[in-house]
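Since the structure comes first, as structure tokens, the remarks are kept for the end.
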Amino acid sequence: MAPENHITETAAAGSANFLRNIIQDDLASGKHASIVTRFPPEPNGYLHIGHAKSICLNFGLARDFGGECHLRLDDTNPAREDQEYIDSIKGSVRWLGFDWGEHLHHASDYFPQLYQWAEELVGKGVAYVDDLTAEEMRAYRGTLTEAGKESPYRNRSVEENLELFRRMRAGDFPDGSRVLRAKIDMASPNMNLRDPVMYRIVHEPHPHTGDAWCIYPMYDYAHGQSDSIEGITHSICTLEFEDHRPLYDWFLDQLCVYHPRQYEFARLNLTYTVMSKRKLLQLVRDGDVTGWDDPRMPTLDGLRRRGYTPDSIRAFCEQIGVGRNGSWIEMSVLEECVRSDLNVAAPRAMAVLRPLRLIVENYPEELAEEFSAANHPQRPELGVRSIPFCRELYMERDDFMEVPVKGFKRLAPGSEVRLRYAFIIRCTGVEKDESGVVTAVRCSYDRETLTGGPAADRKVKGVIHWVSARHGIQADVRLYDRLITVSNPSGDDWKSLLNPDSTEFLTGAVMEPSLAAARPEERFQFERQGYFCVDGKDSLPGKPVFNRTVTLRDSWAK
RNA sequence: UGGGGUGUAGCCAAGCGGUAAGGCAAUGGACUCUGACUCCAUCAUCCCUAGGUUCGAAUCCUAGCACCCCAGCCA
């Protein structure tokens, strides 16, 4: 079979999108023998689910077409970047399941080359040192509908520009006093071409180059050339950089170096949350969340702590597709991705979140039995575990209604229900406190109805989970809800849309004893309730804290 | 009112002149010791609008309309 066919077949594994089509054409036409992509985050924040879309796209394309994908830290602005972010970015990409192999790069690796090229452009007379202040420069830039004015420093001689640029680099000038600009066209309808800044002076230590530099390249000057140096074939970025493409092309053409092509796709928007690093940083700084890895955050570290699996996030990125339409993906798509992953992967367990005492009147006081429960109803190979049972149990408060509403299939006075993996019980009465609140439910059980027993097949309308009061363990459970109250938050007042009830911490939950051994990041389905993950940060040995990843679908709740 | 983009179901999204894939959501039903899972069925005479070309248009042409992005020494 021809290699082309092999490539086509492999590529068919991913769902169709315009970038795959472009790459297929480029490979078929021989424009490229193989492809090189890159994921180029700026280390000024933690990666979020939107970055995951880009990571899966770039690494996925490389994987499917037999190419390579580089991880490049776009570290051109030491004023905002930090080693903490570099570490978290690398961890997140690896956690998601991608490997950059030998190709971990930093834009700062190219500072010497970038500087040399800048001198070359000065020598060609297409770059100049400008002394205008930032405010003046803004005024000279013009507006969307009016052309800008040329700076009075625009026509300095090559010699003077070279001398000044070298002195900028040598540290002779304070921050903000001068910049190096490309000499393009102050009247361009594309604002990016109105003599964009190439270098600015920043006396600030850099996490990767230390104090070797006090001038730093701007994104537009650094990015395309970095792509060129690395031999990137398809430089994929988000839509807002579309206007920058002429500038990307301009630098590469002026320099006469290898010229990668830039393609843009629509960034991800997810309903009921915010996605920009700026806003996420604000939530962290203002203490609205506990950190970048707060389980409510759409960051990869947040989703991880919440219990999302790398597989589920990759499946999500595959499902949402890649296009050029500004789109909002409904949170339910993401939730469905974890559910379907965890439904297969997560062992089941019983936990009572809001306990209500359940007394089995005709069960002997001193007796205790162990019943066998499947760890996964559809996967017998996952085995069974035993669950202790005794006269006094806990049931879920929501599973009892003194005056049941129509359609209620759980326990109510006089009604019957099955205790999962145990007996069928009938409610015989309730106990209440002075204010009328039910404090305990009383019932009787029928021994014949034990799972596997002679009357086990008797039909009852409902099955409820339970935990032995004598054997159950206590554990903290944290329930999370959407961060933002409206589906499509926008504008400056987004902070007023924060959901005040996005966390609910439960301290009285009771669980089957096997859960005491749960390890950090271990995931379970608490039957009839949802998927839960042992918090990787706040759990102690033998004392797990459970985060609710997502509820089970509940067709009754509606 | 300058430039660059985008318009296919509630939300995404294939489609590239031959008669509207798929996923999520929703609805109805089957099954069930999780009101879960699974399964089955329904869900665009129509592709922003209006004209035009064509035997034939979501796909080509023309004119509109709507929405998004751009005036950091951020990326």
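By convention in this document, the chains of the structure tokens carry letters A, B, ... by their order, each chain's residues are numbered from 1, and ligands are numbered from 1 in the order they are shown.
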
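Within 6 Å of chain B, and counting only C-alpha atoms (C1' of nucleotides), chain A contributes Thr143, Leu144, Thr145, Pro189, Asn190, Arg200, Glu240, Asp243, Ile320, Asn325, Glu330, Val333, Arg420, Glu527, Arg528 and Trp556 of chain A.
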
### Message
Write out as a PyMOL selection string the set of residues from stretch 295-439 of chain A that DSSP, computed on the backbone, places in strand (DSSP E).
### Response
chain A and resi 327-329+348-349+351-352+355-360+368-374+384-390+392-396+416-419+424-432+438-439

Restricted to N, CA and C atoms, what would the selected residues look like written as a CSV table (one decimal), in the first residue's frame?
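This is the output file part.csv:
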```csv
chain,number,residue,atom,x,y,z
A,327,SER,N,-18.2,30.0,18.3
A,327,SER,CA,-19.2,29.1,18.8
A,327,SER,C,-19.2,29.0,20.3
A,328,TRP,N,-20.3,28.7,20.9
A,328,TRP,CA,-20.4,28.4,22.3
A,328,TRP,C,-20.8,26.9,22.5
A,329,ILE,N,-20.0,26.2,23.1
A,329,ILE,CA,-20.3,24.8,23.3
A,329,ILE,C,-21.0,24.6,24.7
A,348,ARG,N,-18.2,1.1,41.2
A,348,ARG,CA,-19.3,1.6,42.0
A,348,ARG,C,-19.1,1.5,43.5
A,349,ALA,N,-19.8,2.4,44.2
A,349,ALA,CA,-19.7,2.3,45.6
A,349,ALA,C,-21.0,3.0,46.2
A,351,ALA,N,-22.6,5.6,48.9
A,351,ALA,CA,-22.3,6.6,49.9
A,351,ALA,C,-23.6,7.4,50.1
A,352,VAL,N,-23.9,7.7,51.3
A,352,VAL,CA,-25.1,8.5,51.7
A,352,VAL,C,-24.6,9.9,52.0
A,355,PRO,N,-27.4,12.0,55.3
A,355,PRO,CA,-27.9,10.7,56.0
A,355,PRO,C,-29.2,11.0,56.8
A,356,LEU,N,-30.0,9.9,56.7
A,356,LEU,CA,-31.2,9.8,57.5
A,356,LEU,C,-31.2,8.4,58.1
A,357,ARG,N,-31.4,8.3,59.5
A,357,ARG,CA,-31.3,7.0,60.1
A,357,ARG,C,-32.5,6.1,59.6
A,358,LEU,N,-32.1,4.9,59.4
A,358,LEU,CA,-33.1,3.9,59.0
A,358,LEU,C,-33.0,2.7,59.9
A,359,ILE,N,-34.0,2.4,60.7
A,359,ILE,CA,-34.0,1.4,61.6
A,359,ILE,C,-34.8,0.2,61.1
A,360,VAL,N,-34.1,-1.0,61.0
A,360,VAL,CA,-34.8,-2.2,60.6
A,360,VAL,C,-35.3,-2.9,61.8
A,368,ALA,N,-24.7,-8.8,62.5
A,368,ALA,CA,-24.1,-8.1,61.4
A,368,ALA,C,-23.8,-9.1,60.3
A,369,GLU,N,-24.1,-8.7,59.0
A,369,GLU,CA,-23.8,-9.6,57.9
A,369,GLU,C,-23.1,-8.9,56.9
A,370,GLU,N,-22.5,-9.6,55.9
A,370,GLU,CA,-21.8,-9.0,54.8
A,370,GLU,C,-22.5,-9.4,53.6
A,371,PHE,N,-22.8,-8.5,52.7
A,371,PHE,CA,-23.4,-8.9,51.4
A,371,PHE,C,-22.4,-8.5,50.3
A,372,SER,N,-22.5,-9.3,49.2
A,372,SER,CA,-21.6,-9.1,48.1
A,372,SER,C,-22.2,-8.1,47.1
A,373,ALA,N,-21.4,-7.2,46.6
A,373,ALA,CA,-21.9,-6.2,45.7
A,373,ALA,C,-20.9,-6.1,44.5
A,374,ALA,N,-21.5,-6.0,43.3
A,374,ALA,CA,-20.6,-5.9,42.1
A,374,ALA,C,-19.9,-4.6,42.1
A,384,VAL,N,-16.1,-8.3,43.0
A,384,VAL,CA,-17.1,-7.9,43.9
A,384,VAL,C,-16.4,-7.4,45.2
A,385,ARG,N,-17.2,-6.8,46.1
A,385,ARG,CA,-16.7,-6.4,47.4
A,385,ARG,C,-17.8,-6.7,48.4
A,386,SER,N,-17.5,-6.8,49.7
A,386,SER,CA,-18.6,-7.1,50.6
A,386,SER,C,-18.9,-5.8,51.4
A,387,ILE,N,-20.2,-5.8,51.7
A,387,ILE,CA,-20.7,-4.6,52.3
A,387,ILE,C,-21.4,-5.0,53.6
A,388,PRO,N,-21.0,-4.4,54.7
A,388,PRO,CA,-21.6,-4.8,56.0
A,388,PRO,C,-23.1,-4.2,56.2
A,389,PHE,N,-23.9,-5.0,56.8
A,389,PHE,CA,-25.3,-4.7,57.1
A,389,PHE,C,-25.6,-4.9,58.5
A,390,CYS,N,-26.4,-4.1,59.1
A,390,CYS,CA,-26.9,-4.3,60.5
A,390,CYS,C,-28.2,-3.7,60.7
A,392,GLU,N,-29.2,-0.9,62.2
A,392,GLU,CA,-29.3,0.5,62.0
A,392,GLU,C,-28.5,1.0,60.8
A,393,LEU,N,-29.2,1.6,59.8
A,393,LEU,CA,-28.5,2.1,58.6
A,393,LEU,C,-28.7,3.6,58.4
A,394,TYR,N,-28.1,4.0,57.3
A,394,TYR,CA,-28.4,5.4,56.9
A,394,TYR,C,-28.9,5.3,55.5
A,395,MET,N,-29.9,6.1,55.2
A,395,MET,CA,-30.4,6.2,53.9
A,395,MET,C,-30.4,7.7,53.5
A,396,GLU,N,-30.5,7.9,52.2
A,396,GLU,CA,-30.5,9.3,51.7
A,396,GLU,C,-31.8,10.0,52.1
A,416,GLU,N,-42.9,0.0,49.9
A,416,GLU,CA,-41.7,-0.9,49.8
A,416,GLU,C,-40.7,-0.4,48.9
A,417,VAL,N,-39.4,-0.8,49.2
A,417,VAL,CA,-38.3,-0.4,48.4
A,417,VAL,C,-37.2,-1.4,48.6
A,418,ARG,N,-36.3,-1.6,47.6
A,418,ARG,CA,-35.2,-2.5,47.8
A,418,ARG,C,-34.0,-1.8,48.3
A,419,LEU,N,-33.3,-2.4,49.3
A,419,LEU,CA,-32.0,-1.8,49.7
A,419,LEU,C,-31.0,-2.5,48.7
A,424,ILE,N,-35.6,-6.3,50.6
A,424,ILE,CA,-36.7,-5.4,50.4
A,424,ILE,C,-37.2,-5.0,51.8
A,425,ILE,N,-37.5,-3.7,52.0
A,425,ILE,CA,-38.0,-3.3,53.3
A,425,ILE,C,-39.3,-2.6,53.0
A,426,ARG,N,-40.1,-2.5,54.2
A,426,ARG,CA,-41.4,-1.8,54.1
A,426,ARG,C,-41.3,-0.7,55.2
A,427,CYS,N,-41.7,0.5,54.9
A,427,CYS,CA,-41.6,1.5,55.9
A,427,CYS,C,-42.8,1.4,56.9
A,428,THR,N,-42.4,1.3,58.2
A,428,THR,CA,-43.5,1.1,59.2
A,428,THR,C,-43.8,2.4,60.0
A,429,GLY,N,-42.9,3.4,59.9
A,429,GLY,CA,-43.2,4.6,60.7
A,429,GLY,C,-42.0,5.5,60.7
A,430,VAL,N,-42.2,6.7,61.3
A,430,VAL,CA,-41.1,7.7,61.3
A,430,VAL,C,-40.9,8.2,62.8
A,431,GLU,N,-39.8,8.7,63.0
A,431,GLU,CA,-39.5,9.5,64.3
A,431,GLU,C,-39.3,10.9,63.9
A,432,LYS,N,-39.8,11.8,64.8
A,432,LYS,CA,-39.6,13.2,64.5
A,432,LYS,C,-39.2,14.0,65.7
A,438,VAL,N,-38.4,14.9,60.4
A,438,VAL,CA,-38.2,13.4,60.5
A,438,VAL,C,-36.7,13.2,60.8
A,439,THR,N,-36.5,12.4,61.9
A,439,THR,CA,-35.1,12.2,62.4
A,439,THR,C,-34.8,10.7,62.1
```

According to DSSP computed on the backbone, where in stretch 19-137 of chain A is there alpha helix (DSSP H)? Give the residues as a VMD selection string. chain A and resid 19 to 29 49 to 64 83 to 96 111 to 123 134 to 137

Excluding B:A20 and its own-chain neighbours fewer than 2 positions away, which residues fall within 9 Å of it when counting only C-alpha atoms (C1' of nucleotides)? Please give them as a compact mmCIF listing (two decimals) with C-alpha atoms (C1' of nucleotides), in the first residue's frame.
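Final output, part_0.txt:
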```txt
# COMPACT_ATOMS: atom_id res chain seq x y z
C1' U B 8 -26.50 24.65 7.93
C1' G B 15 -21.12 18.78 3.20
C1' A B 44 -33.99 20.89 8.94
C1' C B 46 -34.46 22.76 4.04
C1' C B 47 -29.06 25.39 4.62
C1' A B 58 -26.47 24.66 1.12
```

Computed gap from atom C1' of B:C43 to atom C1' of B:U19 is 20.6 Å

- [ ] Please identify all polymer residues within 8 Å of A:Ser177, counting only C-alpha atoms (C1' of nucleotides), omitting same-chain residues fewer than 4 positions from it, and present them as a ChimeraX atom specification.
- [x] /A:131-133,173,201

Check your understanding: Leaving out stretch 103-109 of chain A and any residue of its chain fewer than 4 positions from it, which residues lie within 10 Å of it when counting only C-alpha atoms (C1' of nucleotides), given as a PyMOL selection string?
Key -> chain A and resi 38+40-42+68-77+90+99+113-114+206-209+213+216-217+219+222-223+225-227+230

Generate the output file for the selected residues, N, CA and C atoms, as an mmCIF file, in the first residue's frame.
```cif
data_model
loop_
_atom_site.group_PDB
_atom_site.id
_atom_site.type_symbol
_atom_site.label_atom_id
_atom_site.label_comp_id
_atom_site.auth_asym_id
_atom_site.auth_seq_id
_atom_site.Cartn_x
_atom_site.Cartn_y
_atom_site.Cartn_z
ATOM 1 N N ARG A 38 2.854 23.041 16.203
ATOM 2 C CA ARG A 38 3.379 23.434 17.510
ATOM 3 C C ARG A 38 2.264 23.965 18.379
ATOM 4 N N PRO A 40 1.966 26.690 21.229
ATOM 5 C CA PRO A 40 2.812 27.770 21.742
ATOM 6 C C PRO A 40 2.203 28.632 22.853
ATOM 7 N N PRO A 41 1.963 28.076 24.038
ATOM 8 C CA PRO A 41 1.334 28.892 25.090
ATOM 9 C C PRO A 41 2.297 29.926 25.676
ATOM 10 N N GLU A 42 1.737 31.034 26.116
ATOM 11 C CA GLU A 42 2.541 31.993 26.873
ATOM 12 C C GLU A 42 2.469 31.568 28.332
ATOM 13 N N GLU A 68 5.335 15.768 13.552
ATOM 14 C CA GLU A 68 5.733 16.041 14.929
ATOM 15 C C GLU A 68 5.109 17.344 15.411
ATOM 16 N N CYS A 69 4.979 17.435 16.724
ATOM 17 C CA CYS A 69 4.410 18.649 17.306
ATOM 18 C C CYS A 69 5.314 19.132 18.425
ATOM 19 N N HIS A 70 5.671 20.396 18.367
ATOM 20 C CA HIS A 70 6.555 20.971 19.368
ATOM 21 C C HIS A 70 5.767 21.656 20.481
ATOM 22 N N LEU A 71 6.320 21.623 21.673
ATOM 23 C CA LEU A 71 5.772 22.469 22.740
ATOM 24 C C LEU A 71 6.700 23.668 22.811
ATOM 25 N N ARG A 72 6.148 24.832 22.580
ATOM 26 C CA ARG A 72 6.992 26.033 22.627
ATOM 27 C C ARG A 72 6.431 27.037 23.618
ATOM 28 N N LEU A 73 7.217 27.368 24.619
ATOM 29 C CA LEU A 73 6.817 28.383 25.573
ATOM 30 C C LEU A 73 7.073 29.729 24.913
ATOM 31 N N ASP A 74 6.015 30.499 24.759
ATOM 32 C CA ASP A 74 6.124 31.789 24.087
ATOM 33 C C ASP A 74 6.458 32.852 25.133
ATOM 34 N N ASP A 75 7.719 32.815 25.545
ATOM 35 C CA ASP A 75 8.129 33.623 26.703
ATOM 36 C C ASP A 75 8.824 34.910 26.307
ATOM 37 N N THR A 76 8.063 35.829 25.719
ATOM 38 C CA THR A 76 8.669 37.076 25.248
ATOM 39 C C THR A 76 8.370 38.270 26.149
ATOM 40 N N ASN A 77 7.648 38.025 27.235
ATOM 41 C CA ASN A 77 7.283 39.143 28.105
ATOM 42 C C ASN A 77 7.501 38.811 29.579
ATOM 43 N N LYS A 90 3.709 22.394 31.323
ATOM 44 C CA LYS A 90 4.301 21.110 30.928
ATOM 45 C C LYS A 90 3.539 19.945 31.561
ATOM 46 N N ASP A 99 3.071 14.046 24.103
ATOM 47 C CA ASP A 99 4.504 13.974 24.322
ATOM 48 C C ASP A 99 5.221 14.795 23.248
ATOM 49 N N GLN A 113 19.181 35.000 17.616
ATOM 50 C CA GLN A 113 18.870 35.016 16.182
ATOM 51 C C GLN A 113 17.884 36.126 15.839
ATOM 52 N N LEU A 114 16.891 36.268 16.711
ATOM 53 C CA LEU A 114 15.871 37.304 16.492
ATOM 54 C C LEU A 114 16.533 38.695 16.493
ATOM 55 N N HIS A 206 14.265 37.402 33.335
ATOM 56 C CA HIS A 206 13.445 36.495 32.542
ATOM 57 C C HIS A 206 13.597 35.089 33.112
ATOM 58 N N PRO A 207 12.483 34.349 33.258
ATOM 59 C CA PRO A 207 12.571 33.019 33.869
ATOM 60 C C PRO A 207 13.510 32.063 33.130
ATOM 61 N N HIS A 208 13.770 32.339 31.890
ATOM 62 C CA HIS A 208 14.603 31.410 31.128
ATOM 63 C C HIS A 208 15.952 31.971 30.737
ATOM 64 N N THR A 209 16.041 33.281 30.529
ATOM 65 C CA THR A 209 17.328 33.867 30.104
ATOM 66 C C THR A 209 17.943 34.767 31.171
ATOM 67 N N TRP A 213 19.060 39.792 28.773
ATOM 68 C CA TRP A 213 18.447 40.757 27.867
ATOM 69 C C TRP A 213 17.665 41.822 28.628
ATOM 70 N N TYR A 216 13.036 43.012 24.691
ATOM 71 C CA TYR A 216 12.320 41.783 24.381
ATOM 72 C C TYR A 216 11.467 41.951 23.133
ATOM 73 N N PRO A 217 11.443 40.925 22.276
ATOM 74 C CA PRO A 217 10.655 41.011 21.041
ATOM 75 C C PRO A 217 9.172 40.912 21.331
ATOM 76 N N TYR A 219 5.287 39.756 20.298
ATOM 77 C CA TYR A 219 4.738 38.533 19.724
ATOM 78 C C TYR A 219 4.872 38.477 18.202
ATOM 79 N N ALA A 222 8.347 37.853 17.099
ATOM 80 C CA ALA A 222 8.954 36.600 17.553
ATOM 81 C C ALA A 222 8.298 35.349 16.975
ATOM 82 N N HIS A 223 6.986 35.419 16.818
ATOM 83 C CA HIS A 223 6.272 34.176 16.552
ATOM 84 C C HIS A 223 6.572 33.518 15.208
ATOM 85 N N GLN A 225 9.019 34.013 13.182
ATOM 86 C CA GLN A 225 10.418 33.625 13.032
ATOM 87 C C GLN A 225 10.718 32.363 13.845
ATOM 88 N N SER A 226 10.064 32.231 14.991
ATOM 89 C CA SER A 226 10.244 31.009 15.785
ATOM 90 C C SER A 226 9.700 29.818 15.002
ATOM 91 N N ASP A 227 8.547 30.008 14.384
ATOM 92 C CA ASP A 227 7.966 28.954 13.547
ATOM 93 C C ASP A 227 8.947 28.587 12.437
ATOM 94 N N GLU A 230 11.954 26.572 13.637
ATOM 95 C CA GLU A 230 11.612 25.196 13.994
ATOM 96 C C GLU A 230 11.101 24.381 12.804
#
```

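Between atom CA of A:Phe98 and atom CA of A:Phe65 the interatomic distance comes to 15.1 Å.
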
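Going from atom CA of A:Arg20 to atom CA of A:His51 covers 18.8 Å.
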
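Using only C-alpha atoms (C1' of nucleotides), the contacts of A:Gly508 at a cut-off of 10 Å, with sequence neighbours closer than 3 positions omitted, comprise Val352, Leu353, Arg354, Pro355, Ile473, Gln474, Ala475, Asp476, Val477, Phe505 and Met511 of chain A.
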
Restrict the selected residues to all heavy atoms and save them as a PDB file, in the first residue's frame.
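Wrote part_0.pdb, looks like this:
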```pdb
ATOM      1  N   VAL A 352     -23.860   7.724  51.349  1.00  0.00           N
ATOM      2  CA  VAL A 352     -25.058   8.492  51.672  1.00  0.00           C
ATOM      3  C   VAL A 352     -24.622   9.915  51.972  1.00  0.00           C
ATOM      4  O   VAL A 352     -23.890  10.173  52.925  1.00  0.00           O
ATOM      5  CB  VAL A 352     -25.788   7.877  52.890  1.00  0.00           C
ATOM      6  CG1 VAL A 352     -26.947   8.784  53.310  1.00  0.00           C
ATOM      7  CG2 VAL A 352     -26.289   6.484  52.542  1.00  0.00           C
ATOM      8  N   LEU A 353     -25.010  10.822  51.113  1.00  0.00           N
ATOM      9  CA  LEU A 353     -24.544  12.199  51.232  1.00  0.00           C
ATOM     10  C   LEU A 353     -25.237  12.977  52.345  1.00  0.00           C
ATOM     11  O   LEU A 353     -24.627  13.727  53.086  1.00  0.00           O
ATOM     12  CB  LEU A 353     -24.738  12.907  49.884  1.00  0.00           C
ATOM     13  CG  LEU A 353     -23.567  12.886  48.894  1.00  0.00           C
ATOM     14  CD1 LEU A 353     -22.678  11.669  49.058  1.00  0.00           C
ATOM     15  CD2 LEU A 353     -24.068  13.002  47.464  1.00  0.00           C
ATOM     16  N   ARG A 354     -26.555  12.831  52.421  1.00  0.00           N
ATOM     17  CA  ARG A 354     -27.321  13.537  53.463  1.00  0.00           C
ATOM     18  C   ARG A 354     -28.075  12.458  54.243  1.00  0.00           C
ATOM     19  O   ARG A 354     -29.201  12.092  53.894  1.00  0.00           O
ATOM     20  CB  ARG A 354     -28.290  14.529  52.824  1.00  0.00           C
ATOM     21  CG  ARG A 354     -27.561  15.628  52.035  1.00  0.00           C
ATOM     22  CD  ARG A 354     -28.569  16.571  51.403  1.00  0.00           C
ATOM     23  NE  ARG A 354     -27.932  17.645  50.670  1.00  0.00           N
ATOM     24  CZ  ARG A 354     -27.476  17.540  49.424  1.00  0.00           C
ATOM     25  NH1 ARG A 354     -27.597  16.405  48.759  1.00  0.00           N
ATOM     26  NH2 ARG A 354     -26.899  18.574  48.834  1.00  0.00           N
ATOM     27  N   PRO A 355     -27.444  11.954  55.293  1.00  0.00           N
ATOM     28  CA  PRO A 355     -27.945  10.743  55.963  1.00  0.00           C
ATOM     29  C   PRO A 355     -29.237  10.954  56.755  1.00  0.00           C
ATOM     30  O   PRO A 355     -29.453  12.011  57.355  1.00  0.00           O
ATOM     31  CB  PRO A 355     -26.805  10.380  56.930  1.00  0.00           C
ATOM     32  CG  PRO A 355     -25.632  11.227  56.535  1.00  0.00           C
ATOM     33  CD  PRO A 355     -26.197  12.450  55.897  1.00  0.00           C
ATOM     34  N   ILE A 473     -18.084   4.791  57.179  1.00  0.00           N
ATOM     35  CA  ILE A 473     -17.084   5.788  57.548  1.00  0.00           C
ATOM     36  C   ILE A 473     -17.626   7.161  57.189  1.00  0.00           C
ATOM     37  O   ILE A 473     -18.470   7.317  56.304  1.00  0.00           O
ATOM     38  CB  ILE A 473     -15.752   5.568  56.801  1.00  0.00           C
ATOM     39  CG1 ILE A 473     -15.967   5.681  55.280  1.00  0.00           C
ATOM     40  CG2 ILE A 473     -15.166   4.213  57.162  1.00  0.00           C
ATOM     41  CD1 ILE A 473     -14.715   6.042  54.517  1.00  0.00           C
ATOM     42  N   GLN A 474     -17.104   8.140  57.866  1.00  0.00           N
ATOM     43  CA  GLN A 474     -17.520   9.512  57.592  1.00  0.00           C
ATOM     44  C   GLN A 474     -16.489  10.130  56.658  1.00  0.00           C
ATOM     45  O   GLN A 474     -15.292   9.856  56.771  1.00  0.00           O
ATOM     46  CB  GLN A 474     -17.600  10.277  58.921  1.00  0.00           C
ATOM     47  CG  GLN A 474     -18.126  11.687  58.827  1.00  0.00           C
ATOM     48  CD  GLN A 474     -17.054  12.669  58.409  1.00  0.00           C
ATOM     49  OE1 GLN A 474     -15.888  12.508  58.742  1.00  0.00           O
ATOM     50  NE2 GLN A 474     -17.458  13.695  57.652  1.00  0.00           N
ATOM     51  N   ALA A 475     -16.940  10.909  55.701  1.00  0.00           N
ATOM     52  CA  ALA A 475     -15.997  11.580  54.798  1.00  0.00           C
ATOM     53  C   ALA A 475     -16.595  12.892  54.311  1.00  0.00           C
ATOM     54  O   ALA A 475     -17.814  13.044  54.241  1.00  0.00           O
ATOM     55  CB  ALA A 475     -15.669  10.685  53.605  1.00  0.00           C
ATOM     56  N   ASP A 476     -15.715  13.826  53.987  1.00  0.00           N
ATOM     57  CA  ASP A 476     -16.182  15.105  53.448  1.00  0.00           C
ATOM     58  C   ASP A 476     -16.463  14.966  51.963  1.00  0.00           C
ATOM     59  O   ASP A 476     -15.734  14.283  51.246  1.00  0.00           O
ATOM     60  CB  ASP A 476     -15.119  16.192  53.641  1.00  0.00           C
ATOM     61  CG  ASP A 476     -15.022  16.603  55.111  1.00  0.00           C
ATOM     62  OD1 ASP A 476     -15.851  16.127  55.904  1.00  0.00           O
ATOM     63  OD2 ASP A 476     -14.119  17.390  55.444  1.00  0.00           O
ATOM     64  N   VAL A 477     -17.518  15.617  51.552  1.00  0.00           N
ATOM     65  CA  VAL A 477     -17.886  15.589  50.141  1.00  0.00           C
ATOM     66  C   VAL A 477     -18.095  17.025  49.684  1.00  0.00           C
ATOM     67  O   VAL A 477     -18.680  17.833  50.397  1.00  0.00           O
ATOM     68  CB  VAL A 477     -19.194  14.788  49.937  1.00  0.00           C
ATOM     69  CG1 VAL A 477     -19.654  14.890  48.486  1.00  0.00           C
ATOM     70  CG2 VAL A 477     -18.982  13.326  50.320  1.00  0.00           C
ATOM     71  N   PHE A 505     -20.286  22.228  50.574  1.00  0.00           N
ATOM     72  CA  PHE A 505     -19.440  21.256  51.264  1.00  0.00           C
ATOM     73  C   PHE A 505     -20.277  20.479  52.264  1.00  0.00           C
ATOM     74  O   PHE A 505     -20.942  21.060  53.119  1.00  0.00           O
ATOM     75  CB  PHE A 505     -18.295  21.970  51.998  1.00  0.00           C
ATOM     76  CG  PHE A 505     -17.206  22.466  51.084  1.00  0.00           C
ATOM     77  CD1 PHE A 505     -17.380  22.502  49.699  1.00  0.00           C
ATOM     78  CD2 PHE A 505     -15.986  22.893  51.597  1.00  0.00           C
ATOM     79  CE1 PHE A 505     -16.376  22.952  48.846  1.00  0.00           C
ATOM     80  CE2 PHE A 505     -14.976  23.343  50.758  1.00  0.00           C
ATOM     81  CZ  PHE A 505     -15.171  23.382  49.383  1.00  0.00           C
ATOM     82  N   MET A 511     -20.177   6.607  54.285  1.00  0.00           N
ATOM     83  CA  MET A 511     -19.872   5.754  53.131  1.00  0.00           C
ATOM     84  C   MET A 511     -19.527   4.335  53.541  1.00  0.00           C
ATOM     85  O   MET A 511     -19.107   4.086  54.666  1.00  0.00           O
ATOM     86  CB  MET A 511     -18.670   6.323  52.395  1.00  0.00           C
ATOM     87  CG  MET A 511     -18.801   7.802  52.169  1.00  0.00           C
ATOM     88  SD  MET A 511     -17.477   8.445  51.191  1.00  0.00           S
ATOM     89  CE  MET A 511     -18.162  10.073  50.904  1.00  0.00           C
TER      90      MET A 511
END
```

Give me the residues near A:Ile232 as an NGL selection string, where near means some atom within 7 Å (using only C-alpha atoms (C1' of nucleotides)) and where sequence neighbours in that chain fewer than 5 positions away do not count.
:A and (36-37 or 227 or 260)
